[in-house]
Amino acid sequence: MAVIDGTPECQRAVRYAGRRAKNSNGGLVLLYVIPEGDFQQWLGVEEIMRAEAREEAEAVVAKSAQQVRETIGIDPEVVIREGAVTEQINAAIEEDRDIAILVLAAGSAKEGPGPLVSSVAGRGAAFPIPVTILPDTLTDEEIDAVG
């Protein structure tokens with residue numbers, strides 16, 4: 001499983017997870033989590049905002065899924081959830097017992113490797129499956145070689 005969050009590094013995680021899935025005759029789950037709390041408006045506005053967030057999530061994940069189909073040749077499962085990211089990752093893992101590994105990629109920004117990777121590294125998030133964190137220095141060719 002790879003988490004789609006719109007960051008540049010998430011595409012590296014998708015590439016690695018897709019290669020690993022193909023090489024192990026497994027499947028790939030692409031998870032997009034719409035953050036909770038973005039919809040604290042009047043009911044009508046809240047519904048519009050939620051629908052817009054869902055449309056954006058579907059578009060972002062569809063683009064990643066298409067790249068996987070074209071470059072790796074597998075058809076990933078797309079999952080879109082709403083809530084806290086770590087809670088939704090755990091919920092997806094709990095609901096789909098076939099998910100065997102979570103793949104994340106570290107970012108290279110001066111702020112750090114990214115909130116999810118920082119949370120895992122700092123023991124703020126714990127998952128019931130192995131987590132692979134790709135370093136930000138891996139090229140696409142190196143990912144293809146190890147995936």
# chains A, B, ... in the order shown; residues from 1 in each chain; ligands from 1
>>> residues_around(residues="Arg19 in chain A", least_positions_apart="3", cutoff="6 Å", atoms="only C-alpha atoms", output="PyMOL selection string")
chain A and resi 16+22+147
>>> residues_around(residues="Glu77 in chain A", least_positions_apart="6", cutoff="7 Å", atoms="only C-alpha atoms", output="list in words")
Leu28, Val29 and Leu30 of chain A
>>> closest_atom_pairs(of="range 42-141 of chain A", to="range 3-6 of chain A", cutoff="9 Å", atoms="only C-alpha atoms", output="CSV")
residue,atom,partner,partner_atom,distance
A:Ala57,CA,A:Asp5,CA,8.9
A:Val60,CA,A:Gly6,CA,7.2
A:Val61,CA,A:Ile4,CA,6.7
A:Ser64,CA,A:Ile4,CA,8.0
A:Ile89,CA,A:Val3,CA,8.3
A:Leu102,CA,A:Val3,CA,8.2
A:Val103,CA,A:Val3,CA,7.6
A:Leu104,CA,A:Val3,CA,7.1
>>> write_last_selection(atoms="N, CA and C atoms", output="PDB file, in the first residue's frame")
ATOM      1  N   ALA A  57      -9.516  14.438  -4.688  1.00  0.00           N
ATOM      2  CA  ALA A  57      -8.893  13.174  -4.298  1.00  0.00           C
ATOM      3  C   ALA A  57      -8.989  12.156  -5.430  1.00  0.00           C
ATOM      4  N   VAL A  60      -6.499  13.089  -8.253  1.00  0.00           N
ATOM      5  CA  VAL A  60      -5.102  12.839  -7.889  1.00  0.00           C
ATOM      6  C   VAL A  60      -4.802  11.343  -7.902  1.00  0.00           C
ATOM      7  N   VAL A  61      -5.688  10.548  -7.327  1.00  0.00           N
ATOM      8  CA  VAL A  61      -5.455   9.106  -7.274  1.00  0.00           C
ATOM      9  C   VAL A  61      -5.585   8.488  -8.663  1.00  0.00           C
ATOM     10  N   SER A  64      -2.287   8.880 -10.437  1.00  0.00           N
ATOM     11  CA  SER A  64      -1.285   7.922  -9.947  1.00  0.00           C
ATOM     12  C   SER A  64      -1.591   6.512 -10.428  1.00  0.00           C
ATOM     13  N   ILE A  89      -5.056   4.886   7.715  1.00  0.00           N
ATOM     14  CA  ILE A  89      -4.125   3.855   7.253  1.00  0.00           C
ATOM     15  C   ILE A  89      -4.352   2.575   8.050  1.00  0.00           C
ATOM     16  N   LEU A 102       3.478  -1.279   4.029  1.00  0.00           N
ATOM     17  CA  LEU A 102       3.176   0.122   3.778  1.00  0.00           C
ATOM     18  C   LEU A 102       4.454   0.766   3.261  1.00  0.00           C
ATOM     19  N   VAL A 103       4.370   1.408   2.105  1.00  0.00           N
ATOM     20  CA  VAL A 103       5.538   2.048   1.503  1.00  0.00           C
ATOM     21  C   VAL A 103       5.373   3.565   1.582  1.00  0.00           C
ATOM     22  N   LEU A 104       6.378   4.217   2.164  1.00  0.00           N
ATOM     23  CA  LEU A 104       6.423   5.672   2.253  1.00  0.00           C
ATOM     24  C   LEU A 104       7.748   6.140   1.662  1.00  0.00           C
TER      25      LEU A 104
END
>>> residues_around(residues="Asp144 in chain A", least_positions_apart="3", cutoff="12 Å", atoms="only C-alpha atoms", output="short mmCIF file (atom, residue, chain, number, x, y, z; two decimals) with C-alpha atoms, in the first residue's frame")
data_model
loop_
_atom_site.label_atom_id
_atom_site.label_comp_id
_atom_site.auth_asym_id
_atom_site.auth_seq_id
_atom_site.Cartn_x
_atom_site.Cartn_y
_atom_site.Cartn_z
CA ARG A 12 8.46 7.43 -5.58
CA ALA A 13 6.60 5.37 -2.98
CA VAL A 14 3.96 4.44 -5.58
CA ARG A 15 6.65 3.41 -8.07
CA TYR A 16 8.44 1.20 -5.53
CA ALA A 17 5.22 -0.32 -4.17
CA GLY A 18 3.99 -1.02 -7.70
CA ARG A 19 7.26 -2.69 -8.72
CA ARG A 20 7.29 -4.73 -5.53
CA ALA A 21 3.68 -5.80 -6.06
CA LYS A 22 4.36 -6.84 -9.66
CA ASN A 23 7.54 -8.74 -8.78
CA THR A 71 4.71 2.14 -16.36
CA ILE A 72 4.34 -1.05 -14.34
CA LEU A 138 16.88 7.10 -4.78
CA THR A 139 16.43 7.68 -8.51
CA ASP A 140 13.67 6.04 -10.57
CA GLU A 141 16.27 3.63 -11.99
CA GLY A 147 11.55 -2.92 -6.38
#
>>> select_by_dssp(residues="range 75-142 of chain A", states="strand (DSSP E)", output="PyMOL selection string")
chain A and resi 77-83+102-105+131-134
>>> atom_distance(atom1="CA of Glu58 in chain A", atom2="CA of Pro35 in chain A")
14.1 Å
